[in-house]
$ cat model_8.txt   # compact mmCIF, C-alpha atoms and all ligand atoms
# COMPACT_ATOMS: atom_id res chain seq x y z
CA MET D 1 -14.75 24.53 -16.08
CA SER D 2 -16.73 27.50 -17.35
CA VAL D 3 -18.49 27.35 -20.70
CA VAL D 4 -16.26 27.34 -23.76
CA TYR D 5 -17.55 28.60 -27.10
CA ASN D 6 -15.64 27.04 -29.94
CA PHE D 7 -15.56 29.08 -33.16
CA CYS D 8 -13.48 26.58 -35.12
CA ALA D 9 -14.21 26.40 -38.86
CA GLY D 10 -13.92 22.63 -38.88
CA PRO D 11 -13.99 20.20 -37.30
CA ALA D 12 -16.50 22.41 -35.57
CA MET D 13 -18.46 22.30 -32.34
CA LEU D 14 -21.42 19.94 -32.13
CA PRO D 15 -24.66 20.63 -30.26
CA THR D 16 -24.21 20.04 -26.53
CA LYS D 17 -27.34 17.87 -26.43
CA VAL D 18 -25.92 15.62 -29.13
CA MET D 19 -22.62 15.24 -27.30
CA SER D 20 -24.36 14.39 -24.02
CA LYS D 21 -26.55 11.79 -25.69
CA ALA D 22 -23.54 10.23 -27.39
CA GLN D 23 -21.77 10.14 -24.05
CA GLN D 24 -24.69 8.39 -22.34
CA GLU D 25 -24.83 5.78 -25.07
CA PHE D 26 -21.11 5.49 -25.55
CA ILE D 27 -20.52 1.98 -24.23
CA ASN D 28 -24.03 0.60 -24.33
CA TRP D 29 -26.06 1.62 -27.33
CA GLN D 30 -29.74 0.62 -27.38
CA ASN D 31 -29.12 -2.15 -24.86
CA THR D 32 -26.85 -4.02 -27.20
CA GLY D 33 -24.13 -4.00 -24.53
CA CYS D 34 -21.82 -2.59 -27.21
CA SER D 35 -20.87 0.79 -28.47
CA VAL D 36 -22.45 1.65 -31.79
CA MET D 37 -18.91 1.84 -33.17
CA GLU D 38 -18.38 -1.83 -32.29
CA LEU D 39 -21.34 -3.13 -34.25
CA SER D 40 -21.38 -4.53 -37.76
CA HIS D 41 -22.56 -2.02 -40.29
CA ARG D 42 -24.76 -4.84 -41.58
CA SER D 43 -26.38 -5.58 -38.21
CA LYS D 44 -30.09 -4.88 -38.17
CA GLU D 45 -29.59 -2.24 -35.45
CA PHE D 46 -27.06 -0.28 -37.48
CA MET D 47 -29.04 -0.64 -40.71
CA ALA D 48 -32.04 0.87 -38.93
CA LEU D 49 -29.90 3.75 -37.65
CA ALA D 50 -28.54 4.36 -41.14
CA ALA D 51 -31.98 4.39 -42.72
CA LYS D 52 -33.35 6.72 -40.03
CA ALA D 53 -30.47 9.19 -40.51
CA GLU D 54 -31.11 9.27 -44.24
CA ALA D 55 -34.87 9.66 -43.77
CA ASP D 56 -34.33 12.53 -41.33
CA LEU D 57 -31.92 14.30 -43.69
CA ARG D 58 -34.40 13.84 -46.55
CA GLN D 59 -37.11 15.37 -44.42
CA LEU D 60 -34.93 18.27 -43.22
CA MET D 61 -33.83 19.20 -46.74
CA ASN D 62 -36.98 18.09 -48.50
CA ILE D 63 -34.93 15.91 -50.85
CA PRO D 64 -37.02 14.67 -53.79
CA VAL D 65 -37.34 10.92 -54.41
CA ASN D 66 -35.28 11.04 -57.61
CA TYR D 67 -32.16 11.93 -55.64
CA ARG D 68 -29.89 9.44 -53.91
CA VAL D 69 -28.22 10.25 -50.61
CA LEU D 70 -24.78 8.70 -50.22
CA PHE D 71 -22.77 8.48 -47.01
CA CYS D 72 -19.17 8.51 -48.20
CA HIS D 73 -15.58 8.66 -47.03
CA GLY D 74 -12.86 10.98 -48.19
CA GLY D 75 -14.10 14.43 -47.17
CA GLY D 76 -14.80 17.36 -49.41
CA ARG D 77 -11.53 16.83 -51.17
CA GLY D 78 -12.43 13.24 -52.02
CA GLN D 79 -15.37 14.70 -53.91
CA PHE D 80 -13.08 17.10 -55.77
CA SER D 81 -11.86 13.94 -57.57
CA ALA D 82 -15.07 11.92 -57.48
CA ILE D 83 -17.11 14.60 -59.28
CA PRO D 84 -15.08 14.70 -62.53
CA LEU D 85 -14.58 10.93 -62.41
CA ASN D 86 -18.34 10.40 -62.26
CA LEU D 87 -19.69 13.31 -64.28
CA LEU D 88 -17.10 14.48 -66.78
CA PRO D 89 -16.83 12.50 -70.02
CA GLU D 90 -13.27 12.12 -71.38
CA ASN D 91 -14.06 14.43 -74.28
CA GLY D 92 -16.26 16.89 -72.36
CA HIS D 93 -15.54 19.98 -70.33
CA ALA D 94 -16.76 21.41 -67.02
CA GLU D 95 -17.12 24.97 -65.78
CA TYR D 96 -15.53 25.78 -62.43
CA ILE D 97 -16.58 29.00 -60.76
CA VAL D 98 -13.90 30.37 -58.44
CA SER D 99 -15.12 32.55 -55.59
CA GLY D 100 -12.49 31.74 -52.99
CA SER D 101 -9.95 29.23 -51.86
CA TRP D 102 -12.14 26.11 -51.71
CA SER D 103 -13.63 26.47 -55.17
CA LYS D 104 -10.12 27.14 -56.46
CA ALA D 105 -8.86 23.94 -54.85
CA ALA D 106 -11.75 21.99 -56.38
CA ALA D 107 -10.86 23.30 -59.85
CA LYS D 108 -7.20 22.44 -59.40
CA GLU D 109 -7.99 18.84 -58.47
CA ALA D 110 -10.50 18.45 -61.30
CA GLN D 111 -7.81 19.46 -63.80
CA ASN D 112 -6.22 16.07 -63.21
CA PHE D 113 -9.20 14.48 -64.93
CA GLY D 114 -10.07 16.54 -67.95
CA ASN D 115 -10.88 19.84 -69.56
CA ILE D 116 -11.73 22.34 -66.83
CA ARG D 117 -12.70 25.92 -67.65
CA GLN D 118 -12.05 28.01 -64.62
CA GLN D 119 -13.25 31.57 -64.04
CA ASN D 120 -12.92 33.95 -61.14
CA VAL D 121 -16.18 35.66 -60.22
CA VAL D 122 -15.06 37.85 -57.35
CA ASP D 123 -14.61 41.55 -58.02
CA GLU D 124 -13.78 44.47 -55.85
CA LEU D 125 -16.20 47.38 -55.76
CA ASN D 126 -15.54 50.45 -53.56
CA GLY D 127 -13.08 48.43 -51.50
CA ARG D 128 -15.56 45.60 -50.96
CA LYS D 129 -15.66 42.13 -52.40
CA VAL D 130 -18.65 41.26 -54.55
CA VAL D 131 -19.60 38.25 -56.63
CA LYS D 132 -20.21 39.07 -60.27
CA PRO D 133 -23.85 38.67 -61.35
CA PHE D 134 -24.70 35.40 -63.11
CA GLU D 135 -25.14 37.27 -66.42
CA GLN D 136 -21.40 37.90 -66.43
CA TRP D 137 -20.47 34.26 -65.88
CA GLN D 138 -19.28 32.51 -69.03
CA VAL D 139 -21.01 29.15 -69.15
CA SER D 140 -21.33 27.15 -72.33
CA PRO D 141 -24.57 25.20 -72.69
CA ASP D 142 -22.74 21.97 -73.50
CA ALA D 143 -20.73 21.90 -70.26
CA ALA D 144 -20.92 18.55 -68.48
CA TYR D 145 -21.62 20.50 -65.30
CA LEU D 146 -20.97 23.74 -63.45
CA HIS D 147 -19.20 23.49 -60.09
CA TYR D 148 -19.35 26.23 -57.47
CA CYS D 149 -19.03 26.72 -53.75
CA PRO D 150 -21.99 28.62 -52.28
CA ASN D 151 -20.15 29.33 -49.04
CA GLU D 152 -16.42 29.96 -49.04
CA THR D 153 -15.38 28.89 -45.57
CA VAL D 154 -12.00 30.64 -45.65
CA ASP D 155 -12.97 33.87 -47.39
CA GLY D 156 -16.36 34.36 -45.75
CA ILE D 157 -18.15 34.85 -49.08
CA GLU D 158 -21.59 33.31 -49.51
CA MET D 159 -23.92 33.24 -52.51
CA PHE D 160 -27.57 32.82 -51.62
CA ASP D 161 -28.95 32.85 -55.18
CA ILE D 162 -28.59 29.60 -57.10
CA PRO D 163 -27.07 29.78 -60.59
CA LYS D 164 -29.07 28.50 -63.54
CA PHE D 165 -27.71 28.07 -67.05
CA GLY D 166 -30.21 26.15 -69.14
CA ASP D 167 -29.86 22.46 -68.44
CA VAL D 168 -26.24 22.55 -67.29
CA PRO D 169 -26.14 20.39 -64.14
CA ILE D 170 -25.27 22.47 -61.08
CA VAL D 171 -22.83 20.88 -58.63
CA ALA D 172 -22.36 22.58 -55.25
CA ASP D 173 -19.81 22.18 -52.51
CA MET D 174 -22.01 22.90 -49.50
CA SER D 175 -19.51 21.69 -46.90
CA SER D 176 -19.92 24.76 -44.73
CA THR D 177 -23.48 25.80 -45.51
CA ILE D 178 -25.55 22.63 -45.78
CA LEU D 179 -28.58 22.70 -43.44
CA SER D 180 -27.97 26.34 -42.47
CA HIS D 181 -30.83 27.68 -44.59
CA ASP D 182 -33.61 26.31 -46.76
CA ILE D 183 -32.71 25.47 -50.34
CA ASP D 184 -34.57 23.92 -53.24
CA VAL D 185 -32.68 20.70 -53.92
CA ASN D 186 -34.34 20.45 -57.35
CA LYS D 187 -32.12 23.26 -58.56
CA PHE D 188 -29.02 21.13 -58.09
CA ALA D 189 -27.71 18.07 -59.87
CA LEU D 190 -25.39 17.23 -57.03
CA ILE D 191 -24.75 18.62 -53.56
CA TYR D 192 -21.90 17.46 -51.39
CA ALA D 193 -20.61 18.32 -47.96
CA GLY D 194 -17.90 17.13 -45.64
CA ALA D 195 -19.68 16.51 -42.35
CA GLN D 196 -17.30 18.28 -40.01
CA LYS D 197 -18.81 21.75 -40.31
CA ASN D 198 -22.54 21.48 -39.94
CA ILE D 199 -23.36 17.79 -39.70
CA GLY D 200 -21.08 15.82 -37.40
CA PRO D 201 -17.47 14.78 -36.95
CA SER D 202 -14.96 14.50 -39.77
CA GLY D 203 -14.72 11.27 -41.72
CA LEU D 204 -18.17 11.36 -43.28
CA THR D 205 -19.15 13.11 -46.51
CA ILE D 206 -22.72 13.48 -47.69
CA VAL D 207 -23.45 13.35 -51.42
CA ILE D 208 -26.94 14.10 -52.71
CA VAL D 209 -27.09 13.23 -56.39
CA ARG D 210 -29.85 13.20 -58.98
CA GLU D 211 -30.42 9.63 -60.06
CA ASP D 212 -30.16 10.22 -63.80
CA LEU D 213 -26.52 11.26 -63.35
CA LEU D 214 -25.50 7.84 -62.09
CA GLY D 215 -24.03 5.21 -64.34
CA ASN D 216 -21.58 7.36 -66.29
CA ALA D 217 -18.41 7.03 -64.21
CA ARG D 218 -15.11 6.66 -66.02
CA ILE D 219 -14.08 3.05 -66.39
CA ASN D 220 -11.05 3.55 -64.12
CA THR D 221 -12.95 5.23 -61.26
CA PRO D 222 -11.96 3.71 -57.91
CA CYS D 223 -14.98 1.84 -56.55
CA ILE D 224 -15.14 3.88 -53.35
CA LEU D 225 -15.46 7.08 -55.40
CA ASN D 226 -18.03 5.63 -57.78
CA TYR D 227 -21.51 6.99 -57.04
CA THR D 228 -23.24 4.11 -58.80
CA THR D 229 -21.38 1.54 -56.72
CA SER D 230 -22.25 3.47 -53.54
CA ALA D 231 -25.87 3.85 -54.53
CA GLU D 232 -26.28 0.21 -55.48
CA ASN D 233 -24.83 -0.83 -52.13
CA ASP D 234 -26.69 1.70 -49.95
CA SER D 235 -23.37 3.37 -49.11
CA MET D 236 -22.05 0.07 -47.75
CA TYR D 237 -19.86 -1.14 -50.57
CA ASN D 238 -17.07 -0.91 -48.04
CA THR D 239 -17.32 -0.30 -44.31
CA PRO D 240 -18.83 3.15 -43.92
CA PRO D 241 -17.71 5.56 -41.17
CA THR D 242 -20.28 4.13 -38.78
CA TYR D 243 -19.66 6.28 -35.73
CA ALA D 244 -19.70 9.48 -37.76
CA TRP D 245 -22.92 8.30 -39.41
CA TYR D 246 -24.42 7.71 -35.96
CA LEU D 247 -23.42 11.19 -34.76
CA ALA D 248 -24.77 12.77 -37.95
CA GLY D 249 -28.06 10.97 -37.21
CA LEU D 250 -28.13 12.51 -33.73
CA VAL D 251 -27.49 15.96 -35.22
CA PHE D 252 -30.38 15.48 -37.67
CA GLU D 253 -32.67 14.49 -34.78
CA TRP D 254 -31.52 17.52 -32.82
CA LEU D 255 -32.13 19.83 -35.77
CA LYS D 256 -35.65 18.45 -36.17
CA SER D 257 -36.27 18.96 -32.46
CA VAL D 258 -35.38 22.66 -32.66
CA GLY D 259 -37.76 23.24 -35.56
CA GLY D 260 -35.82 22.17 -38.64
CA VAL D 261 -33.90 24.15 -41.20
CA SER D 262 -36.14 27.20 -41.48
CA ALA D 263 -36.10 27.67 -37.70
CA ILE D 264 -32.30 27.41 -37.52
CA GLU D 265 -32.05 29.72 -40.53
CA ASN D 266 -33.70 32.47 -38.48
CA VAL D 267 -31.29 31.93 -35.62
CA ASN D 268 -28.36 31.91 -38.05
CA LYS D 269 -29.49 35.21 -39.55
CA ARG D 270 -29.71 36.79 -36.12
CA LYS D 271 -26.29 35.51 -35.07
CA ALA D 272 -24.57 36.76 -38.22
CA LYS D 273 -26.33 40.13 -38.10
CA LEU D 274 -25.21 40.71 -34.52
CA ILE D 275 -21.53 40.33 -35.45
CA TYR D 276 -21.63 42.18 -38.78
CA ASP D 277 -23.60 45.08 -37.30
CA TYR D 278 -21.13 45.37 -34.48
CA VAL D 279 -18.14 45.26 -36.83
CA ASP D 280 -19.70 47.79 -39.25
CA ASN D 281 -20.34 50.24 -36.43
CA SER D 282 -16.80 50.06 -35.16
CA THR D 283 -13.64 51.58 -36.58
CA PHE D 284 -11.59 49.15 -34.54
CA TYR D 285 -12.74 46.08 -36.54
CA LYS D 286 -13.59 45.67 -40.19
CA ASN D 287 -14.99 43.21 -42.74
CA THR D 288 -14.40 43.90 -46.43
CA ILE D 289 -17.11 41.82 -48.04
CA ASP D 290 -20.19 43.41 -49.56
CA PRO D 291 -23.18 42.81 -47.23
CA GLU D 292 -25.03 40.89 -49.95
CA PHE D 293 -22.32 38.23 -50.06
CA ARG D 294 -21.37 37.93 -46.42
CA SER D 295 -21.28 34.42 -45.09
CA ARG D 296 -23.70 33.57 -42.34
CA MET D 297 -21.55 30.67 -41.25
CA ASN D 298 -17.98 32.00 -41.33
CA VAL D 299 -17.48 35.60 -40.31
CA PRO D 300 -13.99 36.92 -40.98
CA PHE D 301 -13.04 40.21 -39.39
CA TRP D 302 -9.82 42.13 -39.06
CA LEU D 303 -8.51 44.40 -36.35
CA ALA D 304 -7.53 47.78 -37.78
CA ASP D 305 -4.33 47.46 -35.77
CA GLU D 306 -3.08 43.96 -36.63
CA SER D 307 -0.32 44.14 -34.05
CA LEU D 308 -3.06 43.47 -31.48
CA ASN D 309 -4.00 40.11 -33.04
CA ASP D 310 -2.13 37.88 -30.60
CA LYS D 311 -3.38 39.83 -27.62
CA PHE D 312 -6.95 39.58 -28.93
CA LEU D 313 -6.69 35.83 -29.35
CA SER D 314 -5.12 35.12 -25.98
CA GLU D 315 -7.58 37.31 -24.06
CA ALA D 316 -10.49 35.80 -25.96
CA LYS D 317 -9.28 32.35 -25.00
CA GLU D 318 -9.16 33.34 -21.33
CA GLN D 319 -12.84 34.22 -21.68
CA GLY D 320 -13.65 30.80 -23.13
CA LEU D 321 -13.86 32.07 -26.72
CA VAL D 322 -11.61 29.76 -28.68
CA ALA D 323 -10.42 29.10 -32.25
CA LEU D 324 -10.98 32.64 -33.52
CA LYS D 325 -7.77 32.89 -35.49
CA GLY D 326 -8.40 33.56 -39.18
CA HIS D 327 -7.24 31.17 -41.87
CA ARG D 328 -3.56 31.63 -42.72
CA LEU D 329 -4.47 32.67 -46.29
CA VAL D 330 -6.54 35.66 -45.19
CA GLY D 331 -5.23 36.45 -41.69
CA GLY D 332 -7.23 38.37 -39.09
CA MET D 333 -10.00 36.62 -37.19
CA ARG D 334 -12.77 34.29 -38.16
CA ALA D 335 -15.82 33.36 -36.13
CA SER D 336 -17.43 30.23 -37.51
CA ILE D 337 -20.99 30.18 -36.27
CA TYR D 338 -22.57 27.02 -37.63
CA ASN D 339 -25.93 25.66 -36.52
CA ALA D 340 -24.49 24.31 -33.27
CA MET D 341 -23.26 27.71 -32.05
CA PRO D 342 -25.86 29.09 -29.67
CA ILE D 343 -26.72 32.77 -29.82
CA GLU D 344 -25.24 33.14 -26.31
CA GLY D 345 -21.83 32.33 -27.77
CA VAL D 346 -22.16 35.13 -30.30
CA GLU D 347 -23.37 37.57 -27.64
CA LYS D 348 -20.43 36.69 -25.45
CA LEU D 349 -18.04 37.20 -28.37
CA ILE D 350 -19.44 40.66 -29.08
CA GLU D 351 -19.23 41.62 -25.41
CA PHE D 352 -15.59 40.63 -25.46
CA MET D 353 -14.90 42.47 -28.73
CA GLN D 354 -16.44 45.57 -27.25
CA SER D 355 -14.46 45.45 -24.04
CA PHE D 356 -11.25 44.70 -25.97
CA GLU D 357 -11.91 47.68 -28.17
CA GLU D 358 -12.48 49.96 -25.18
CA ARG D 359 -9.30 48.81 -23.49
CA ASN D 360 -7.13 49.16 -26.60
CA GLN D 361 -8.38 52.30 -28.33
C1 LIG Y 401 -13.75 22.13 -45.21
C2 LIG Y 401 -14.11 22.26 -46.62
C3 LIG Y 401 -13.66 21.36 -47.60
C4 LIG Y 401 -12.64 20.29 -47.32
O1 LIG Y 401 -13.11 19.23 -46.68
P1 LIG Y 401 -12.16 18.00 -46.30
O2 LIG Y 401 -13.17 17.14 -45.64
O3 LIG Y 401 -11.09 18.50 -45.40
O4 LIG Y 401 -11.63 17.43 -47.55
C5 LIG Y 401 -14.10 21.53 -48.89
N1 LIG Y 401 -14.91 22.53 -49.23
C6 LIG Y 401 -15.36 23.43 -48.31
C7 LIG Y 401 -16.27 24.53 -48.74
C8 LIG Y 401 -14.97 23.32 -46.99
O5 LIG Y 401 -15.41 24.21 -46.09

$ encode --input "model_8.txt" --output "structure tokens"
Amino acid sequence: MSVVYNFCAGPAMLPTKVMSKAQQEFINWQNTGCSVMELSHRSKEFMALAAKAEADLRQLMNIPVNYRVLFCHGGGRGQFSAIPLNLLPENGHAEYIVSGSWSKAAAKEAQNFGNIRQQNVVDELNGRKVVKPFEQWQVSPDAAYLHYCPNETVDGIEMFDIPKFGDVPIVADMSSTILSHDIDVNKFALIYAGAQKNIGPSGLTIVIVREDLLGNARINTPCILNYTTSAENDSMYNTPPTYAWYLAGLVFEWLKSVGGVSAIENVNKRKAKLIYDYVDNSTFYKNTIDPEFRSRMNVPFWLADESLNDKFLSEAKEQGLVALKGHRLVGGMRASIYNAMPIEGVEKLIEFMQSFEERNQ
């Protein structure tokens, strides 16, 4: 079979080296004679793996010591409930910034748990989508926290600047941008990410939470959503998703081996620039997001003639370029180009886009 480049938004492709290593170790991990997925999470071998994965993630993201790293179940959406349950007092309120469909979904879920003030921050300027400057966001200083989504996976809108409003704790859904570029963790109270975009397979969710925020969960918070319970039990209050944790550990090792986050950030910038430049210079394709807010991870683009969509997708697939169909909410195409997507995949996509354009002018 010739090489396939998978542009799926999630679950997304994993680095080939990681997949090969997992395959080699599949039925006999570290000479245990067992697969890692068959071992007790409390065995000394698995505990060592778990600790190493956390240490590697801490090193990659430069996570300060006063933050806990939790390996959770329940995906990004599990956190949509866990965050208000853990951080929003019954009589408090939280600010939810809406910049696309995921932040909107987070706000909707949070409304089940208390007073949520929701505001849309996306404007249209000269036919392009922009995010309103922070000065125009309405954030009251007594908010329990501010929730936002730095990278909107569906809409292809990314914010690279980090909001700051006095001491209001900043909570970020980084599901589709974690580890794609360097960030200062100190600027966040809590970061969370479903693993299936940039970390590993689905089933694992990473939560990075400042220690002083623990201990305030609502009394009726389910234990598996309670950060304090997770932290006190080293993410092993119940059986963690062990195989996903193992694969995440391999991805962290791989990322270190290619130079860490700042090295991959450079590659990610190059990949995204290649596609956006090509799209901007063509009248056949378009992207309607202001360059300042274009996602480096999820690149939506539209054919000027949408009747060619199906033809585009089926011919792309024949070339080994798969999962390019845009999300049903926004239509068109979407190329998700997370850390694991090599630059060759992006080059091949552009070559195809160019030849498709020439043949269908
Ligand atoms: C994929 C995604 C989610 C949802 O994650 P699940 O694990 O399916 O619950 C949430 N937020 C963002 C930004 C995402 O990209």

$ closest_residue --input "model_8.txt" --among "D:Pro241, D:Pro222, D:Pro15, D:Gly259" --to "Ser202 of chain D" --atoms "only C-alpha atoms"
D:Pro241

$ closest_atom_pairs --input "model_8.txt" --of "chain D" --to "ligand LIG 401 (chain Y)" --cutoff "9 Å" --atoms "only C-alpha atoms and all ligand atoms" --output "Markdown table"
| residue | atom | partner | partner_atom | distance |
| --- | --- | --- | --- | --- |
| D:Ala9 | CA | Y:LIG401 | O5 | 7.6 |
| D:Gly10 | CA | Y:LIG401 | C1 | 6.4 |
| D:Pro11 | CA | Y:LIG401 | C1 | 8.1 |
| D:His73 | CA | Y:LIG401 | O2 | 8.9 |
| D:Gly74 | CA | Y:LIG401 | O4 | 6.6 |
| D:Gly75 | CA | Y:LIG401 | O2 | 3.2 |
| D:Gly76 | CA | Y:LIG401 | O4 | 3.7 |
| D:Arg77 | CA | Y:LIG401 | O4 | 3.7 |
| D:Gly78 | CA | Y:LIG401 | O4 | 6.2 |
| D:Gln79 | CA | Y:LIG401 | O4 | 7.9 |
| D:Phe80 | CA | Y:LIG401 | C5 | 8.2 |
| D:Ser101 | CA | Y:LIG401 | C7 | 8.5 |
| D:Trp102 | CA | Y:LIG401 | N1 | 5.2 |
| D:Ser103 | CA | Y:LIG401 | C7 | 7.2 |
| D:Ala105 | CA | Y:LIG401 | C5 | 8.3 |
| D:Ala106 | CA | Y:LIG401 | N1 | 7.8 |
| D:Cys149 | CA | Y:LIG401 | C7 | 6.1 |
| D:Pro150 | CA | Y:LIG401 | C7 | 7.9 |
| D:Asn151 | CA | Y:LIG401 | C7 | 6.2 |
| D:Glu152 | CA | Y:LIG401 | C7 | 5.4 |
| D:Thr153 | CA | Y:LIG401 | O5 | 4.7 |
| D:Val154 | CA | Y:LIG401 | O5 | 7.3 |
| D:Asp173 | CA | Y:LIG401 | C7 | 5.7 |
| D:Met174 | CA | Y:LIG401 | C7 | 6.0 |
| D:Ser175 | CA | Y:LIG401 | C7 | 4.7 |
| D:Ser176 | CA | Y:LIG401 | O5 | 4.7 |
| D:Thr177 | CA | Y:LIG401 | C7 | 8.0 |
| D:Tyr192 | CA | Y:LIG401 | N1 | 8.9 |
| D:Ala193 | CA | Y:LIG401 | N1 | 7.2 |
| D:Gly194 | CA | Y:LIG401 | O2 | 4.7 |
| D:Ala195 | CA | Y:LIG401 | O2 | 7.3 |
| D:Gln196 | CA | Y:LIG401 | O2 | 7.1 |
| D:Lys197 | CA | Y:LIG401 | C1 | 7.1 |
| D:Ser202 | CA | Y:LIG401 | O2 | 6.7 |
| D:Gly203 | CA | Y:LIG401 | O2 | 7.2 |
| D:Leu204 | CA | Y:LIG401 | O2 | 8.0 |
| D:Thr205 | CA | Y:LIG401 | O2 | 7.3 |

$ write_last_selection --input "model_8.txt" --atoms "C-alpha atoms" --output "mmCIF file, keeping the file's coordinate frame"
data_model
loop_
_atom_site.group_PDB
_atom_site.id
_atom_site.type_symbol
_atom_site.label_atom_id
_atom_site.label_comp_id
_atom_site.auth_asym_id
_atom_site.auth_seq_id
_atom_site.Cartn_x
_atom_site.Cartn_y
_atom_site.Cartn_z
ATOM 1 C CA ALA D 9 -14.210 26.400 -38.860
ATOM 2 C CA GLY D 10 -13.920 22.630 -38.880
ATOM 3 C CA PRO D 11 -13.990 20.200 -37.300
ATOM 4 C CA HIS D 73 -15.580 8.660 -47.030
ATOM 5 C CA GLY D 74 -12.860 10.980 -48.190
ATOM 6 C CA GLY D 75 -14.100 14.430 -47.170
ATOM 7 C CA GLY D 76 -14.800 17.360 -49.410
ATOM 8 C CA ARG D 77 -11.530 16.830 -51.170
ATOM 9 C CA GLY D 78 -12.430 13.240 -52.020
ATOM 10 C CA GLN D 79 -15.370 14.700 -53.910
ATOM 11 C CA PHE D 80 -13.080 17.100 -55.770
ATOM 12 C CA SER D 101 -9.950 29.230 -51.860
ATOM 13 C CA TRP D 102 -12.140 26.110 -51.710
ATOM 14 C CA SER D 103 -13.630 26.470 -55.170
ATOM 15 C CA ALA D 105 -8.860 23.940 -54.850
ATOM 16 C CA ALA D 106 -11.750 21.990 -56.380
ATOM 17 C CA CYS D 149 -19.030 26.720 -53.750
ATOM 18 C CA PRO D 150 -21.990 28.620 -52.280
ATOM 19 C CA ASN D 151 -20.150 29.330 -49.040
ATOM 20 C CA GLU D 152 -16.420 29.960 -49.040
ATOM 21 C CA THR D 153 -15.380 28.890 -45.570
ATOM 22 C CA VAL D 154 -12.000 30.640 -45.650
ATOM 23 C CA ASP D 173 -19.810 22.180 -52.510
ATOM 24 C CA MET D 174 -22.010 22.900 -49.500
ATOM 25 C CA SER D 175 -19.510 21.690 -46.900
ATOM 26 C CA SER D 176 -19.920 24.760 -44.730
ATOM 27 C CA THR D 177 -23.480 25.800 -45.510
ATOM 28 C CA TYR D 192 -21.900 17.460 -51.390
ATOM 29 C CA ALA D 193 -20.610 18.320 -47.960
ATOM 30 C CA GLY D 194 -17.900 17.130 -45.640
ATOM 31 C CA ALA D 195 -19.680 16.510 -42.350
ATOM 32 C CA GLN D 196 -17.300 18.280 -40.010
ATOM 33 C CA LYS D 197 -18.810 21.750 -40.310
ATOM 34 C CA SER D 202 -14.960 14.500 -39.770
ATOM 35 C CA GLY D 203 -14.720 11.270 -41.720
ATOM 36 C CA LEU D 204 -18.170 11.360 -43.280
ATOM 37 C CA THR D 205 -19.150 13.110 -46.510
#

$ residues_around --input "model_8.txt" --residues "Val36 of chain D" --least-positions-apart "4" --cutoff "9 Å" --atoms "all atoms listed in the file" --output "list in words"
Glu25, Phe26, Ile27, Asn28, Trp29, Gln30, Thr32, Ser40, Glu45, Phe46, Thr242, Tyr243 and Tyr246 of chain D

$ closest_residue --input "model_8.txt" --among "D:Pro89, D:Gly260, D:Gly326, D:Gly200" --to "Phe312 of chain D" --atoms "all atoms listed in the file"
D:Gly326

$ atom_distance --input "model_8.txt" --atom1 "atom CA of Gln23 of chain D" --atom2 "atom CA of Ala55 of chain D"
23.7 Å

$ atom_distance --input "model_8.txt" --atom1 "atom CA of Leu213 of chain D" --atom2 "atom CA of Arg68 of chain D"
10.2 Å

$ residues_around --input "model_8.txt" --residues "Val121 of chain D" --least-positions-apart "2" --cutoff "8 Å" --atoms "all atoms listed in the file" --output "MDAnalysis selection string"
chainID D and resid 97:99 119 123 131:132 137

$ closest_residue --input "model_8.txt" --among "D:Arg294, D:Lys187, D:His147, D:His181" --to "Lys164 of chain D" --atoms "all atoms listed in the file"
D:Lys187

$ axis_aligned_box --input "model_8.txt" --around "segment 281-299 of chain D" --padding-each-side "8 Å" --output "lines of an AutoDock Vina configuration file"
center_x = -18.3
center_y = 41.1
center_z = -42.3
size_x = 29.4
size_y = 36.9
size_z = 31.5

$ atom_distance --input "model_8.txt" --atom1 "atom CA of Arg210 of chain D" --atom2 "atom CA of Val65 of chain D"
9.1 Å

$ residues_around --input "model_8.txt" --residues "Ala144 of chain D" --least-positions-apart "4" --cutoff "8 Å" --atoms "only C-alpha atoms" --output "list in words"
Leu87, Leu88, Pro89, Gly92, His93, Ala94, Glu95, Val168 and Pro169 of chain D

$ residues_around --input "model_8.txt" --residues "Ser180 of chain D" --least-positions-apart "2" --cutoff "8 Å" --atoms "only C-alpha atoms" --output "ChimeraX atom specification"
/D:177-178,182,198,261,264-265,268,297,338-339

$ residues_around --input "model_8.txt" --residues "Phe293 of chain D" --least-positions-apart "4" --cutoff "6 Å" --atoms "all atoms listed in the file" --output "MDAnalysis selection string"
chainID D and resid 157:159

$ closest_residue --input "model_8.txt" --among "D:Val346, D:Met333, D:Ala107, D:Met37" --to "Asn120 of chain D" --atoms "all atoms listed in the file"
D:Ala107

$ closest_residue --input "model_8.txt" --among "D:Gly114, D:Glu292, D:Val171, D:Ser235" --to "Glu90 of chain D" --atoms "all atoms listed in the file"
D:Gly114

$ residues_near_point --input "model_8.txt" --point "(-21.6, 20.4, -28.2)" --cutoff "12 Å" --atoms "only C-alpha atoms" --output "PyMOL selection string"
chain D and resi 3-7+11-23+198-201+247+250-251+254+338-342+345

$ closest_residue --input "model_8.txt" --among "D:Ser307, D:Gln24, D:Ser282, D:Ser314" --to "Glu357 of chain D" --atoms "all atoms listed in the file"
D:Ser282

$ residues_near_point --input "model_8.txt" --point "(-36.4, 11.7, -43.1)" --cutoff "12 Å" --atoms "only C-alpha atoms" --output "number ranges by chain"
D: 49-65, 69, 249, 252-253, 255-256, 260

$ decode --input "model_8.txt" --residues "segment 79-86 of chain D" --atoms "C-alpha atoms" --output "compact mmCIF listing (two decimals), in the first residue's frame"
# COMPACT_ATOMS: atom_id res chain seq x y z
CA GLN D 79 -14.28 18.37 31.41
CA PHE D 80 -17.12 20.62 30.24
CA SER D 81 -18.95 19.27 33.33
CA ALA D 82 -15.95 18.73 35.61
CA ILE D 83 -14.79 22.35 35.38
CA PRO D 84 -17.93 23.99 36.83
CA LEU D 85 -18.34 21.16 39.34
CA ASN D 86 -14.82 21.76 40.64
